[in-house]
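Trainee: The structure file my_file23.cif (mmCIF, C-alpha atoms and all ligand atoms) is provided below.
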```
data_my_file
#
loop_
_atom_site.label_atom_id
_atom_site.label_comp_id
_atom_site.auth_asym_id
_atom_site.auth_seq_id
_atom_site.Cartn_x
_atom_site.Cartn_y
_atom_site.Cartn_z
CA LYS A 1 4.00 176.47 -18.66
CA LYS A 2 6.25 179.48 -18.91
CA ASP A 3 5.46 182.54 -16.78
CA ILE A 4 4.17 185.62 -18.55
CA VAL A 5 6.09 188.60 -17.13
CA ILE A 6 5.15 192.03 -18.45
CA LEU A 7 6.93 195.32 -17.84
CA GLY A 8 4.55 198.28 -18.24
CA ILE A 9 5.70 201.85 -18.87
CA GLU A 10 3.54 204.96 -18.55
CA SER A 11 4.67 208.50 -19.41
CA SER A 12 1.64 210.22 -20.95
CA CYS A 13 1.50 213.29 -18.74
CA ASP A 14 3.54 214.19 -15.65
CA ASP A 15 4.03 210.81 -13.95
CA THR A 16 6.82 208.46 -14.95
CA SER A 17 5.72 204.99 -13.94
CA ALA A 18 6.89 201.40 -14.40
CA ALA A 19 5.23 198.20 -13.19
CA VAL A 20 5.83 194.47 -13.39
CA ILE A 21 3.05 191.89 -13.63
CA ARG A 22 3.62 188.14 -13.51
CA ASN A 23 0.77 185.90 -14.71
CA GLY A 24 -1.72 188.70 -14.03
CA VAL A 25 -0.46 189.44 -10.50
CA LEU A 26 1.14 192.82 -9.80
CA LEU A 27 4.66 192.57 -8.40
CA SER A 28 5.65 196.23 -8.41
CA ASN A 29 4.37 199.65 -9.42
CA VAL A 30 6.80 202.55 -9.10
CA THR A 31 5.88 206.14 -9.94
CA ALA A 32 7.94 209.32 -9.96
CA SER A 33 5.69 212.38 -9.88
CA GLN A 34 6.90 215.75 -11.05
CA ALA A 35 6.72 218.54 -8.47
CA VAL A 36 8.28 220.98 -10.93
CA HIS A 37 4.84 221.93 -12.36
CA GLU A 38 3.34 223.18 -9.10
CA ALA A 39 4.95 226.60 -9.45
CA TYR A 40 3.19 227.06 -12.81
CA GLY A 41 -0.31 225.93 -11.78
CA GLY A 42 -0.40 223.32 -14.53
CA VAL A 43 1.72 220.81 -16.40
CA VAL A 44 4.40 222.45 -18.56
CA PRO A 45 4.93 219.98 -21.44
CA GLU A 46 8.59 220.80 -22.07
CA LEU A 47 9.48 220.38 -18.39
CA ALA A 48 7.47 217.14 -18.23
CA SER A 49 9.46 215.60 -21.11
CA ARG A 50 12.75 216.51 -19.49
CA ALA A 51 11.71 215.06 -16.13
CA HIS A 52 10.56 211.82 -17.84
CA GLN A 53 13.96 211.62 -19.48
CA GLN A 54 15.64 211.80 -16.06
CA ASN A 55 13.20 209.47 -14.34
CA VAL A 56 12.56 206.66 -16.78
CA VAL A 57 15.72 204.59 -16.24
CA PRO A 58 15.70 204.74 -12.40
CA VAL A 59 11.95 204.06 -12.27
CA VAL A 60 12.25 200.97 -14.48
CA ASP A 61 15.26 199.78 -12.44
CA GLN A 62 13.28 200.19 -9.22
CA ALA A 63 10.23 198.39 -10.62
CA LEU A 64 12.34 195.38 -11.66
CA LYS A 65 14.21 195.36 -8.37
CA ARG A 66 11.07 195.55 -6.22
CA ALA A 67 9.46 192.81 -8.30
CA GLY A 68 12.53 190.63 -7.87
CA VAL A 69 12.60 190.10 -11.60
CA THR A 70 15.60 190.31 -13.91
CA LYS A 71 15.22 191.86 -17.34
CA GLU A 72 16.01 188.49 -18.91
CA GLU A 73 12.82 187.10 -17.34
CA LEU A 74 10.57 189.62 -19.11
CA SER A 75 8.17 188.27 -21.75
CA ALA A 76 7.27 191.67 -23.27
CA VAL A 77 7.33 195.41 -22.72
CA ALA A 78 4.01 197.27 -22.77
CA PHE A 79 3.94 201.05 -23.12
CA THR A 80 1.42 203.89 -23.29
CA ARG A 81 1.10 204.94 -26.91
CA GLY A 82 -1.37 207.76 -26.17
CA PRO A 83 -3.38 209.86 -25.67
CA GLY A 84 -1.22 212.36 -23.83
CA LEU A 85 1.43 215.00 -24.26
CA MET A 86 3.55 214.18 -27.29
CA GLY A 87 6.92 215.01 -25.73
CA SER A 88 6.08 212.97 -22.62
CA LEU A 89 4.82 210.00 -24.60
CA LEU A 90 7.91 209.94 -26.81
CA VAL A 91 10.17 209.34 -23.82
CA GLY A 92 8.29 206.23 -22.65
CA VAL A 93 7.62 204.94 -26.15
CA SER A 94 11.24 205.31 -27.26
CA PHE A 95 12.57 203.79 -24.08
CA ALA A 96 10.18 200.83 -24.29
CA LYS A 97 11.03 200.13 -27.91
CA GLY A 98 14.77 200.30 -27.28
CA PHE A 99 14.49 198.11 -24.20
CA ALA A 100 12.34 195.47 -25.91
CA ARG A 101 14.55 195.47 -28.98
CA ALA A 102 17.72 195.06 -26.92
CA LEU A 103 16.15 192.11 -25.06
CA GLY A 104 14.70 190.61 -28.25
CA ILE A 105 11.15 190.44 -26.79
CA PRO A 106 7.80 191.68 -28.15
CA MET A 107 6.51 195.20 -27.61
CA ILE A 108 2.87 195.97 -26.89
CA GLU A 109 1.28 199.36 -27.44
CA VAL A 110 -1.44 200.33 -24.95
CA ASN A 111 -4.17 202.93 -25.20
CA HIS A 112 -4.01 204.91 -21.96
CA LEU A 113 -7.82 205.06 -21.73
CA GLN A 114 -8.17 201.31 -22.09
CA GLY A 115 -5.55 201.06 -19.33
CA HIS A 116 -7.67 203.21 -16.97
CA VAL A 117 -10.67 200.92 -17.55
CA LEU A 118 -8.68 197.71 -17.15
CA ALA A 119 -7.17 199.00 -13.88
CA HIS A 120 -10.16 197.15 -12.38
CA PHE A 121 -8.45 193.87 -13.25
CA ILE A 122 -5.19 194.57 -11.40
CA LYS A 123 -4.65 191.82 -8.82
CA GLU A 124 -2.19 192.25 -5.97
CA ASP A 125 -2.20 188.56 -5.05
CA GLU A 126 -3.35 185.18 -6.34
CA GLY A 127 -6.64 185.20 -4.39
CA ASP A 128 -10.16 185.58 -5.73
CA HIS A 129 -11.17 189.14 -6.40
CA ASP A 130 -14.42 190.88 -7.01
CA GLN A 131 -13.94 192.08 -10.57
CA PRO A 132 -16.46 193.39 -13.07
CA GLU A 133 -17.97 190.92 -15.50
CA PHE A 134 -18.62 191.82 -19.13
CA PRO A 135 -20.51 193.78 -20.20
CA PHE A 136 -20.17 196.63 -17.71
CA LEU A 137 -20.32 200.41 -17.83
CA CYS A 138 -17.34 202.53 -16.88
CA LEU A 139 -17.33 206.21 -16.07
CA LEU A 140 -13.84 207.38 -17.01
CA VAL A 141 -13.12 210.77 -15.48
CA SER A 142 -9.68 212.34 -15.49
CA GLY A 143 -7.88 215.57 -16.24
CA GLY A 144 -8.22 214.92 -19.96
CA ASN A 145 -11.36 212.78 -20.33
CA SER A 146 -14.94 212.37 -19.20
CA GLN A 147 -16.56 209.41 -20.89
CA ILE A 148 -19.20 206.76 -20.36
CA ILE A 149 -17.84 203.54 -21.82
CA LEU A 150 -19.63 200.30 -22.56
CA VAL A 151 -17.01 197.63 -21.87
CA LYS A 152 -17.90 194.46 -23.78
CA ALA A 153 -14.55 192.68 -23.38
CA TYR A 154 -10.93 193.46 -22.49
CA ASN A 155 -10.35 194.56 -26.03
CA ASP A 156 -13.82 195.71 -27.05
CA MET A 157 -15.04 199.03 -25.69
CA GLU A 158 -17.58 201.48 -27.02
CA VAL A 159 -17.73 205.13 -26.00
CA LEU A 160 -21.41 205.93 -25.38
CA GLY A 161 -20.83 209.58 -24.52
CA GLN A 162 -18.05 212.01 -23.75
CA THR A 163 -17.34 215.61 -22.97
CA ILE A 164 -17.76 218.04 -25.82
CA ASP A 165 -15.42 220.57 -24.19
CA ASP A 166 -13.57 220.36 -20.84
CA ALA A 167 -13.03 217.19 -18.83
CA ALA A 168 -14.38 216.99 -15.28
CA GLY A 169 -10.88 217.09 -13.75
CA GLU A 170 -9.94 220.03 -15.94
CA ALA A 171 -13.02 221.93 -14.73
CA ILE A 172 -12.16 221.22 -11.08
CA ASP A 173 -8.54 222.25 -11.61
CA LYS A 174 -9.51 225.48 -13.41
CA CYS A 175 -12.08 226.50 -10.79
CA SER A 176 -9.56 225.78 -8.07
CA LYS A 177 -7.05 227.97 -9.88
CA VAL A 178 -9.62 230.79 -10.02
CA MET A 179 -9.96 230.41 -6.23
CA GLY A 180 -6.20 230.78 -5.90
CA LEU A 181 -5.74 227.26 -4.51
CA GLY A 182 -2.76 225.06 -5.42
CA TYR A 183 -2.26 222.63 -8.26
CA PRO A 184 -3.65 220.11 -8.99
CA GLY A 185 -6.92 221.40 -7.60
CA GLY A 186 -8.79 218.09 -7.44
CA PRO A 187 -7.42 216.81 -4.14
CA ILE A 188 -7.61 220.30 -2.56
CA ILE A 189 -11.25 220.80 -3.55
CA ASP A 190 -11.98 217.29 -2.27
CA ARG A 191 -10.48 218.09 1.14
CA LEU A 192 -12.21 221.49 1.48
CA ALA A 193 -15.54 220.09 0.26
CA ARG A 194 -15.73 217.74 3.24
CA GLN A 195 -16.08 220.76 5.55
CA GLY A 196 -18.54 222.69 3.40
CA ASN A 197 -22.23 222.78 2.52
CA PRO A 198 -22.88 221.29 -0.93
CA GLN A 199 -26.18 223.18 -1.20
CA ALA A 200 -24.70 226.60 -0.39
CA TYR A 201 -24.43 227.77 -3.99
CA SER A 202 -25.67 226.59 -7.34
CA PHE A 203 -23.86 226.80 -10.65
CA ALA A 204 -24.92 226.27 -14.25
CA LYS A 205 -25.55 222.72 -15.41
CA PRO A 206 -25.44 221.77 -19.09
CA HIS A 207 -28.50 220.90 -21.14
CA ILE A 208 -27.17 218.61 -23.83
CA GLY A 209 -28.64 215.43 -25.14
CA GLY A 210 -27.49 211.83 -25.14
CA TYR A 211 -24.71 210.70 -22.86
CA ASP A 212 -22.39 213.59 -23.64
CA TYR A 213 -20.98 215.94 -21.05
CA SER A 214 -20.07 219.61 -21.03
CA PHE A 215 -18.21 221.45 -18.29
CA SER A 216 -17.20 224.75 -19.86
CA GLY A 217 -20.49 226.47 -18.91
CA LEU A 218 -20.04 225.48 -15.29
CA LYS A 219 -16.54 226.92 -15.30
CA THR A 220 -17.79 230.24 -16.68
CA SER A 221 -20.72 230.31 -14.27
CA PHE A 222 -18.34 229.67 -11.36
CA LEU A 223 -16.02 232.47 -12.48
CA TYR A 224 -18.81 235.05 -13.00
CA SER A 225 -20.54 234.19 -9.72
CA LEU A 226 -17.28 234.65 -7.84
CA ARG A 227 -16.68 237.95 -9.57
CA ASP A 228 -20.11 239.24 -8.49
CA TRP A 229 -19.76 238.04 -4.90
CA MET A 230 -16.31 239.55 -4.62
CA LYS A 231 -17.70 242.99 -5.51
CA GLU A 232 -19.60 242.81 -2.21
CA ASP A 233 -16.86 241.10 -0.24
CA PRO A 234 -13.30 241.14 -1.64
CA ASP A 235 -12.41 238.27 0.73
CA PHE A 236 -15.39 236.20 -0.33
CA ILE A 237 -13.30 233.22 -1.39
CA GLU A 238 -11.35 233.13 1.85
CA HIS A 239 -14.58 233.38 3.87
CA HIS A 240 -16.48 230.73 1.94
CA LYS A 241 -13.92 228.39 0.38
CA GLU A 242 -15.34 225.24 2.01
CA ASP A 243 -18.89 225.96 0.81
CA LEU A 244 -17.62 226.92 -2.64
CA ALA A 245 -15.62 223.69 -2.92
CA ALA A 246 -18.52 221.56 -1.66
CA SER A 247 -21.03 223.21 -4.02
CA LEU A 248 -18.69 222.92 -7.01
CA GLU A 249 -17.97 219.27 -6.30
CA HIS A 250 -21.67 218.56 -5.78
CA THR A 251 -22.55 220.16 -9.13
CA ILE A 252 -19.89 218.17 -11.00
CA VAL A 253 -20.88 214.88 -9.35
CA ASP A 254 -24.55 215.59 -10.15
CA ILE A 255 -23.74 216.21 -13.82
CA LEU A 256 -21.67 213.02 -14.02
CA MET A 257 -24.21 210.77 -12.27
CA LYS A 258 -27.24 212.01 -14.21
CA LYS A 259 -25.94 210.75 -17.56
CA LEU A 260 -24.60 207.60 -16.00
CA ARG A 261 -28.03 206.80 -14.50
CA GLN A 262 -29.53 207.29 -17.93
CA ALA A 263 -27.00 204.92 -19.49
CA VAL A 264 -27.74 202.27 -16.84
CA LYS A 265 -31.46 202.67 -17.48
CA ASP A 266 -31.14 202.44 -21.26
CA THR A 267 -28.68 199.54 -21.41
CA GLY A 268 -30.05 197.62 -18.44
CA ILE A 269 -26.45 197.04 -17.33
CA ARG A 270 -26.13 197.53 -13.60
CA GLN A 271 -22.47 196.74 -13.12
CA VAL A 272 -20.89 200.17 -13.01
CA ALA A 273 -17.23 201.04 -12.59
CA VAL A 274 -15.45 204.35 -12.20
CA ALA A 275 -11.88 205.05 -13.33
CA GLY A 276 -9.39 207.87 -13.88
CA GLY A 277 -7.91 210.55 -11.64
CA VAL A 278 -11.23 212.08 -10.59
CA SER A 279 -12.43 208.70 -9.29
CA ALA A 280 -10.23 209.50 -6.26
CA ASN A 281 -12.85 212.11 -5.36
CA ASN A 282 -14.77 211.32 -2.19
CA GLY A 283 -17.97 213.03 -3.33
CA LEU A 284 -18.03 210.91 -6.47
CA ARG A 285 -17.19 207.73 -4.55
CA ASN A 286 -20.04 208.44 -2.13
CA ALA A 287 -22.44 209.07 -5.00
CA PHE A 288 -21.49 205.66 -6.42
CA ARG A 289 -22.17 204.01 -3.06
CA GLU A 290 -25.53 205.78 -2.78
CA HIS A 291 -26.50 204.59 -6.25
CA ALA A 292 -25.51 201.06 -5.31
CA ASP A 293 -27.84 201.21 -2.30
CA LYS A 294 -30.67 203.01 -4.01
CA TYR A 295 -30.70 201.39 -7.45
CA GLY A 296 -29.01 198.07 -6.78
CA TRP A 297 -25.95 198.83 -8.88
CA LYS A 298 -22.96 196.58 -8.42
CA ILE A 299 -20.19 199.16 -8.25
CA PHE A 300 -16.43 198.96 -8.77
CA ILE A 301 -14.24 201.69 -7.32
CA PRO A 302 -10.48 201.35 -7.82
CA LYS A 303 -7.87 201.64 -5.09
CA PHE A 304 -6.58 205.19 -4.80
CA SER A 305 -3.19 204.21 -6.21
CA TYR A 306 -4.79 202.97 -9.46
CA THR A 307 -7.00 206.01 -10.05
CA THR A 308 -4.36 208.43 -11.25
CA ASP A 309 -1.81 207.62 -13.93
CA ASN A 310 0.14 204.45 -13.17
CA ALA A 311 1.98 201.74 -15.06
CA ALA A 312 0.17 198.85 -13.33
CA MET A 313 -2.84 199.50 -15.56
CA ILE A 314 -0.58 199.55 -18.62
CA ALA A 315 1.05 196.28 -17.58
CA ILE A 316 -2.29 194.51 -16.98
CA THR A 317 -3.56 195.67 -20.37
CA GLY A 318 -0.28 194.44 -21.85
CA TYR A 319 -0.84 191.09 -20.14
CA PHE A 320 -4.23 190.65 -21.83
CA LYS A 321 -2.84 191.75 -25.20
CA TYR A 322 0.10 189.36 -24.81
CA GLN A 323 -2.31 186.45 -24.55
CA ASP A 324 -3.89 187.59 -27.84
CA LYS A 325 -0.38 187.94 -29.32
CA ASP A 326 -1.37 191.54 -30.03
CA PHE A 327 2.16 192.88 -30.50
CA CYS A 328 3.31 195.98 -32.35
CA THR A 329 6.30 196.75 -34.51
CA ILE A 330 9.09 199.21 -33.86
CA ASP A 331 7.56 201.80 -36.19
CA MET A 332 4.47 202.21 -33.96
CA PRO A 333 4.27 205.98 -33.37
CA ALA A 334 3.09 207.80 -30.24
CA TYR A 335 -0.30 209.46 -30.66
CA SER A 336 -1.26 212.54 -28.69
CA ARG A 337 -4.92 212.07 -29.63
CA VAL A 338 -6.40 208.61 -29.85
CA THR A 339 -9.84 207.34 -28.93
CA LEU A 340 -10.86 203.95 -27.61
O1 LIG B 1 -6.11 210.33 -14.56
P1 LIG B 1 -5.28 211.48 -14.15
O2 LIG B 1 -4.20 211.24 -13.15
O3 LIG B 1 -4.54 212.07 -15.38
C1 LIG B 1 -4.93 212.97 -16.33
O4 LIG B 1 -5.97 212.82 -16.97
O5 LIG B 1 -4.10 213.88 -16.53
O6 LIG B 1 -6.28 212.60 -13.60
C2 LIG B 1 -5.84 213.80 -13.05
C3 LIG B 1 -7.06 214.62 -12.65
C4 LIG B 1 -6.73 216.05 -12.27
O7 LIG B 1 -7.64 216.91 -12.90
C5 LIG B 1 -6.91 216.05 -10.75
O8 LIG B 1 -7.27 217.31 -10.22
C6 LIG B 1 -8.03 215.05 -10.59
O9 LIG B 1 -7.72 214.02 -11.52
N1 LIG B 1 -8.11 214.53 -9.23
C7 LIG B 1 -9.17 214.72 -8.42
C8 LIG B 1 -8.84 214.11 -7.19
N2 LIG B 1 -7.60 213.56 -7.30
C9 LIG B 1 -7.17 213.82 -8.55
N3 LIG B 1 -10.33 215.35 -8.63
C10 LIG B 1 -11.20 215.38 -7.61
N4 LIG B 1 -10.98 214.84 -6.41
C11 LIG B 1 -9.81 214.20 -6.15
N5 LIG B 1 -9.59 213.65 -4.94
#
```
Just dump the structure as structure tokens.
Ligand code: KG4
Mentor:
Amino acid sequence: KKDIVILGIESSCDDTSAAVIRNGVLLSNVTASQAVHEAYGGVVPELASRAHQQNVVPVVDQALKRAGVTKEELSAVAFTRGPGLMGSLLVGVSFAKGFARALGIPMIEVNHLQGHVLAHFIKEDEGDHDQPEFPFLCLLVSGGNSQIILVKAYNDMEVLGQTIDDAAGEAIDKCSKVMGLGYPGGPIIDRLARQGNPQAYSFAKPHIGGYDYSFSGLKTSFLYSLRDWMKEDPDFIEHHKEDLAASLEHTIVDILMKKLRQAVKDTGIRQVAVAGGVSANNGLRNAFREHADKYGWKIFIPKFSYTTDNAAMIAITGYFKYQDKDFCTIDMPAYSRVTL
């Protein structure tokens, strides 16, 4: 039987990434991150597109080289269609289409969110791996999304609840910006939080029904509290940054876990995965482990390298779609907004 070799390409935000998967096993995953945005405290779309343009060819070359695969061996090219920044997406989408067309092989469009969920199926070797079985629940938390997803199959996912305003990562990044910390704030808050007291301060939690989330109230509450405290002590942030970080992280993790517990209770599904950039967070990872111990959840936490944007998750999704012959045509557009 012929090998299935998939090249995955991801360019939805500020990481240009390419990965090669052979018969479901990851051979390479190369990512070029863009430092250019740090000076601006956030991703500047125009600069992101330009950096993708510079990075995409070398990154794909590297991925093929590290995998020891020639382009003639590829079975298909999978690419992130969206959601993401339009200018960024267009670079990866256009490259992937041109590359696939030149090689005369199929192209596969991948929903970035589906990719984050299916990151749990990335295998680094042929061995047996503890992977979720269907159906399972997945908490997808990133800079752009906060969702509870019921995963019924590789290609069948239902969003049970999602944020009605900011995403969890966005809230962390914005609060960190208010504190004058660097960008992105997530990893910085994570590091500071480990030295702080999570009970030191309390911030507003949302009161909304169902499995939906809201983080804009927390952000405002954080901002106003800081403003009040700084009237008393202008160096309040400097004096208390560890406690502030720990309390903020604790509040966000609490909000996330509360709805997830409810979803587990209501569906009776106790296999629970976490995915997306914020799943790198140690507070959230610990909360998952505590829930596993306390409530008997079987939990799935991805490797750090597969939490943030990467092409390995796009390639593995492409691998599943290839088996379904779920190909797309060259007129498939990029979508900045697309749901699961
Ligand atoms: O999935 P991702 O790479 O892409 C986007 O959705 O854009 O997620 C990025 C988000 C950012 O908000 C970042 O601050 C957050 O994930 N993040 C973290 C940590 N590492 C990254 N948040 C909390 N703790 C972390 N260790």
Trainee: Taking all atoms listed in the file into account, produce a table as CSV in which each residue of chain A with an atom at most 6 Å from an atom of ligand LIG 1 (chain B) appears once, together with its shortest atom pair and the distance in Å to one decimal, ordered by chain and rising number.
Mentor:
```
residue,atom,partner,partner_atom,distance
A:Ser142,CA,B:LIG1,O6,3.9
A:Gly143,CA,B:LIG1,O4,3.4
A:Gly144,CA,B:LIG1,O4,4.3
A:Gly169,CA,B:LIG1,O7,3.4
A:Glu170,CA,B:LIG1,O7,4.9
A:Asp173,CA,B:LIG1,O8,5.3
A:Pro184,CA,B:LIG1,O8,4.7
A:Gly185,CA,B:LIG1,O8,4.9
A:Gly186,CA,B:LIG1,O8,3.3
A:Pro187,CA,B:LIG1,N5,3.9
A:Asp190,CA,B:LIG1,N4,4.9
A:Gly276,CA,B:LIG1,O1,4.2
A:Gly277,CA,B:LIG1,O6,3.3
A:Val278,CA,B:LIG1,N3,3.9
A:Ala280,CA,B:LIG1,N5,4.4
A:Asn281,CA,B:LIG1,N4,3.5
A:Thr308,CA,B:LIG1,O2,3.4
A:Asp309,CA,B:LIG1,O2,4.4
```
Trainee: With distances taken over all atoms listed in the file, which of A:Asp243, A:Gln271, A:Thr70, A:Leu139 is nearest to A:Leu284?
Mentor: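 Of A:Asp243, A:Gln271, A:Thr70, A:Leu139, the one nearest A:Leu284 is A:Leu139, counting all atoms listed in the file.
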Trainee: In Å, how far is it from atom CA of A:Gly283 to atom CA of A:Cys175?
Mentor: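 Going from atom CA of A:Gly283 over to atom CA of A:Cys175, I get 16.5 Å.
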Trainee: Give me the residues near A:Ala168 as a PyMOL selection string, where near means some atom within 10 Å (using only C-alpha atoms) and where sequence neighbours in that chain fewer than 2 positions away do not count.
Mentor: chain A and resi 140-147+163+165-166+170-174+186+213-216+249+252-253+255-256+277-278
Trainee: Report, in Å to a single decimal, how far apart atom CA of A:Lys123 and atom CA of A:Cys138 are.
Mentor: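 Answer for the atom CA of A:Cys138 to atom CA of A:Lys123 separation: 18.5 Å.
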Trainee: From the set A:Ala119, A:Leu74, A:Ala312, A:Leu248, which residue has the shortest atom-to-atom contact distance to A:Gln199, counting all atoms listed in the file?
Mentor: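 Ranking A:Ala119, A:Leu74, A:Ala312, A:Leu248 by distance to A:Gln199, first place goes to A:Leu248.
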Trainee: Write out as a list in words which residues come within 10 Å of A:Asn29 when counting only C-alpha atoms, dropping same-chain ones fewer than 3 positions away.
Mentor: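 Within the cut-off, the hits are Leu7, Gly8, Ile9, Ser17, Ala18, Ala19, Val20, Ile21, Leu26, Val59, Val60, Gln62, Ala63, Leu64, Arg66, Ala67, Ser305, Tyr306, Asn310, Ala311, Ala312, Met313 and Ala315 of chain A.
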Trainee: Fewer than 3 positions away in the same chain doesn't count, so skip those; otherwise give me all residues within 12 Å of A:Phe99, counting all atoms listed in the file, as a PyMOL selection string.
Mentor: chain A and resi 7-9+56-57+60-61+71-72+74-79+92-96+102-107+330
Trainee: Please identify all polymer residues lying at most 8 Å from the point (-22.0, 223.6, -17.8) (file coordinates), using only C-alpha atoms, and present the result as a PyMOL selection string.
Mentor: chain A and resi 204-207+214-221
